[in-house]
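Asks: Pasting a structure here, questions to come.
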Amino acid sequence: MGASPWIVSDELWERIEPLLPRRERRFRYPGRKPLPDRQVLCGILYVLHTDIQWEYLPTELGFGSGMTCWRRLRDWNKAGVWQQLHEVLLAELNAERKLDWSRCVVDSSHIRALKRGSLTGSSPVDRGRAGSKHHLITDGHGTPLAVILTGGNRNDVTQLLPLLDAIPPVRGRVGRPRRRAVTLYADRGYDHDSYRKQVRACGIVPAIARRGTGHGFGLGVYRWVVEQTFAWLHGFRRLRVRWERRADIHEAFLKLACCLITHRQLNSLC
């Protein structure tokens with residue numbers, strides 16, 4: 001049997017540990033010794049995979065309390081740990097020529113936000129219930145390049161350029177870091193000529209489906225990779241429904257999941 005998915009492998013920990021912020025040691029009133037970061041990260045991954053409530057996190061597994069894990073997740077996200085980790089992993093993929101820069105693909109997915117909170121809105125596709133959207137851009141293999149969280153009432157096309165801008169400079173090869181693919185594929189929800197012009201101005205060829213064309217017609221042969229990546233993201237049960245009122249906590253889970261998928265790509269792509 002394989003290891004539990006919430007166990008942090010040595011290979012992954014070697015990439016994460018240098019990115020974690022260092023806590024200053026208190027000598028006058030040291031208090032209780034803090035739980036090691038690696039054990040806390042296992043607890044965070046346990047919540048991400050199982051969708052268990054923080055207060056019910058099983059301490060007998062060595063994760064520490066749910067509040068300890070919640071605080072570290074908050075602090076690490078604020079320090080930009082997941083963004084830095086994602087850039088490190090993308091650079092490794094780029095160095096091994098495992099990123100497909102010939103095309104990138106964008107799409108979004110709606111989830112319910114049962115406790116509302118920031119970055120939620122009445123969803124037109126879910127009877128006006130409160131929800132949020134995950135906006136995603138991937139390379140031609142389905143590797144996440146950037147992700148954005150918005151309210152459920154936000155139009156998909158408004159996040160097209162922010163997604164392109166959110167792609168970090170990807171290093172790993174000789175020359176300038178790369179941020180742009182050759183062609184951008186999107187479905188009919190992004191069919192606006194003004195946005196096509198702006199995409200062209202970025203040096204990218206827009207391949208956006210026109211309204212009135214059949215679903216899956218033509219461009220679907222290239223766009224399916226982003227739907228596959230959404231399936232991977234929602235394989236993490238915590239991302240299927242938004243329980244967090246605070247947008248930064250849900251965003252932290254979202255970015256961490258993208259890092260895990262990108263790390264998986266290092267070993268799965270030939």
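Each chain in the structure tokens gets a letter, A, B and so on, in the order shown; residues start at 1 in every chain, and ligands are counted from 1 in the order they appear.
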Output as a PyMOL selection string all residues of region 79-194 of chain A that backbone DSSP marks as helix (DSSP H, G or I).

Replies: chain A and resi 81-95+156-166+188-190+193-194

Asks: Mind dumping the selected residues with N, CA, C and O atoms as a compact mmCIF listing (two decimals), in the first residue's frame?

Replies:
```txt
# COMPACT_ATOMS: atom_id res chain seq x y z
N VAL A 81 4.55 31.60 0.92
CA VAL A 81 5.25 30.32 0.81
C VAL A 81 4.74 29.51 -0.38
O VAL A 81 5.54 28.96 -1.16
N TRP A 82 3.41 29.46 -0.56
CA TRP A 82 2.87 28.60 -1.63
C TRP A 82 3.18 29.18 -3.00
O TRP A 82 3.43 28.43 -3.94
N GLN A 83 3.18 30.51 -3.12
CA GLN A 83 3.55 31.13 -4.39
C GLN A 83 5.01 30.84 -4.72
O GLN A 83 5.35 30.51 -5.87
N GLN A 84 5.88 30.95 -3.73
CA GLN A 84 7.30 30.67 -3.96
C GLN A 84 7.53 29.21 -4.32
O GLN A 84 8.31 28.89 -5.21
N LEU A 85 6.82 28.30 -3.61
CA LEU A 85 6.95 26.88 -3.90
C LEU A 85 6.50 26.58 -5.32
O LEU A 85 7.15 25.81 -6.04
N HIS A 86 5.40 27.18 -5.74
CA HIS A 86 4.90 26.96 -7.10
C HIS A 86 5.92 27.41 -8.13
O HIS A 86 6.17 26.71 -9.13
N GLU A 87 6.56 28.54 -7.90
CA GLU A 87 7.57 29.03 -8.83
C GLU A 87 8.78 28.11 -8.88
O GLU A 87 9.36 27.89 -9.95
N VAL A 88 9.18 27.56 -7.74
CA VAL A 88 10.29 26.61 -7.70
C VAL A 88 9.97 25.37 -8.52
O VAL A 88 10.79 24.89 -9.32
N LEU A 89 8.75 24.85 -8.34
CA LEU A 89 8.36 23.63 -9.05
C LEU A 89 8.22 23.88 -10.55
O LEU A 89 8.61 23.04 -11.37
N LEU A 90 7.67 25.04 -10.92
CA LEU A 90 7.56 25.36 -12.35
C LEU A 90 8.94 25.49 -12.99
O LEU A 90 9.14 25.06 -14.13
N ALA A 91 9.88 26.06 -12.26
CA ALA A 91 11.24 26.19 -12.79
C ALA A 91 11.86 24.82 -13.02
O ALA A 91 12.56 24.60 -14.02
N GLU A 92 11.62 23.88 -12.11
CA GLU A 92 12.15 22.52 -12.29
C GLU A 92 11.52 21.85 -13.51
O GLU A 92 12.21 21.19 -14.29
N LEU A 93 10.20 22.02 -13.67
CA LEU A 93 9.54 21.45 -14.85
C LEU A 93 10.09 22.08 -16.13
O LEU A 93 10.32 21.39 -17.13
N ASN A 94 10.31 23.39 -16.09
CA ASN A 94 10.82 24.09 -17.27
C ASN A 94 12.23 23.63 -17.60
O ASN A 94 12.59 23.46 -18.78
N ALA A 95 13.05 23.42 -16.58
CA ALA A 95 14.42 22.96 -16.80
C ALA A 95 14.46 21.58 -17.45
O ALA A 95 15.35 21.28 -18.25
N ASP A 156 -16.45 35.38 -16.27
CA ASP A 156 -15.18 34.68 -16.54
C ASP A 156 -14.19 35.56 -17.30
O ASP A 156 -13.00 35.59 -16.99
N VAL A 157 -14.70 36.29 -18.31
CA VAL A 157 -13.79 37.02 -19.19
C VAL A 157 -13.06 38.14 -18.46
O VAL A 157 -11.97 38.54 -18.87
N THR A 158 -13.62 38.63 -17.37
CA THR A 158 -12.95 39.71 -16.62
C THR A 158 -11.65 39.24 -15.99
O THR A 158 -10.81 40.07 -15.62
N GLN A 159 -11.48 37.93 -15.83
CA GLN A 159 -10.29 37.39 -15.20
C GLN A 159 -9.27 36.86 -16.21
O GLN A 159 -8.25 36.29 -15.81
N LEU A 160 -9.55 37.06 -17.49
CA LEU A 160 -8.63 36.55 -18.51
C LEU A 160 -7.27 37.22 -18.44
O LEU A 160 -6.22 36.56 -18.32
N LEU A 161 -7.23 38.54 -18.46
CA LEU A 161 -5.96 39.27 -18.40
C LEU A 161 -5.31 39.16 -17.02
O LEU A 161 -4.08 38.99 -16.94
N PRO A 162 -6.09 39.23 -15.91
CA PRO A 162 -5.46 39.00 -14.60
C PRO A 162 -4.80 37.63 -14.48
O PRO A 162 -3.75 37.50 -13.84
N LEU A 163 -5.37 36.61 -15.13
CA LEU A 163 -4.74 35.29 -15.10
C LEU A 163 -3.41 35.31 -15.85
O LEU A 163 -2.41 34.74 -15.38
N LEU A 164 -3.39 35.96 -17.01
CA LEU A 164 -2.14 36.06 -17.76
C LEU A 164 -1.09 36.82 -16.95
O LEU A 164 0.09 36.44 -16.93
N ASP A 165 -1.52 37.88 -16.26
CA ASP A 165 -0.58 38.66 -15.45
C ASP A 165 -0.11 37.88 -14.22
O ASP A 165 0.98 38.15 -13.68
N ALA A 166 -0.94 36.93 -13.75
CA ALA A 166 -0.60 36.18 -12.54
C ALA A 166 0.43 35.07 -12.80
O ALA A 166 0.98 34.51 -11.85
N ARG A 188 -16.47 29.59 -25.07
CA ARG A 188 -17.30 30.69 -25.56
C ARG A 188 -17.54 31.77 -24.50
O ARG A 188 -17.94 32.89 -24.83
N GLY A 189 -17.33 31.45 -23.22
CA GLY A 189 -17.51 32.44 -22.18
C GLY A 189 -16.51 33.58 -22.27
O GLY A 189 -16.70 34.63 -21.64
N TYR A 190 -15.46 33.40 -23.05
CA TYR A 190 -14.42 34.42 -23.20
C TYR A 190 -14.49 35.09 -24.57
O TYR A 190 -13.54 35.73 -25.00
N ASP A 193 -14.33 40.42 -28.58
CA ASP A 193 -13.27 40.88 -29.49
C ASP A 193 -12.30 41.84 -28.82
O ASP A 193 -11.11 41.87 -29.14
N SER A 194 -12.78 42.65 -27.87
CA SER A 194 -11.88 43.58 -27.19
C SER A 194 -10.82 42.84 -26.40
O SER A 194 -9.66 43.26 -26.34
```

Asks: Within 6 Å of region 128-134 of chain A, counting only C-alpha atoms, which residues show up once you throw out same-chain ones fewer than 2 positions away? Write them as a list in words, please.

Replies: Ser108, Ser109, His110, Ile111, Arg112, Ala113, Thr120, Gly121, Ser122, Ser123, Pro124, Asp126, Ile148, Leu149, Thr150, Gly151 and Gly152 of chain A

Asks: Can you write just those residues out, C-alpha atoms, as a CSV table (one decimal), in the first residue's frame?

Replies:
```csv
chain,number,residue,atom,x,y,z
A,108,SER,CA,-13.3,28.6,-14.4
A,109,SER,CA,-15.3,26.4,-11.9
A,110,HIS,CA,-18.0,27.5,-9.5
A,111,ILE,CA,-18.2,26.2,-5.9
A,112,ARG,CA,-20.7,26.9,-3.2
A,113,ALA,CA,-19.7,29.1,-0.2
A,120,THR,CA,-18.4,35.4,-2.6
A,121,GLY,CA,-21.4,36.4,-4.7
A,122,SER,CA,-24.8,35.2,-5.9
A,123,SER,CA,-24.2,32.6,-8.6
A,124,PRO,CA,-26.3,32.8,-11.8
A,126,ASP,CA,-26.8,28.0,-8.8
A,148,ILE,CA,-7.4,33.3,-8.9
A,149,LEU,CA,-10.3,33.2,-6.5
A,150,THR,CA,-13.3,35.5,-7.1
A,151,GLY,CA,-17.0,35.8,-6.2
A,152,GLY,CA,-19.4,33.5,-7.9
```

Asks: If we count only C-alpha atoms and set the cut-off at 12 Å, which residues sit around Ser268 (chain A), ignoring sequence neighbours fewer than 2 positions away in its own chain? Please answer as a list in words.

Replies: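 After dropping sequence-adjacent residues, the list is Leu93, Lys98, His141, Gly142, Thr143, Ile261, Thr262, His263, Arg264, Gln265, Leu266 and Cys270 of chain A.
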
Asks: Tell me, as a PyMOL selection string, which residues lie within 9 Å of Ile167 (chain A), counting only C-alpha atoms; anything in the same chain fewer than 6 positions away does not count.

Replies: chain A and resi 137+145-147+179-180
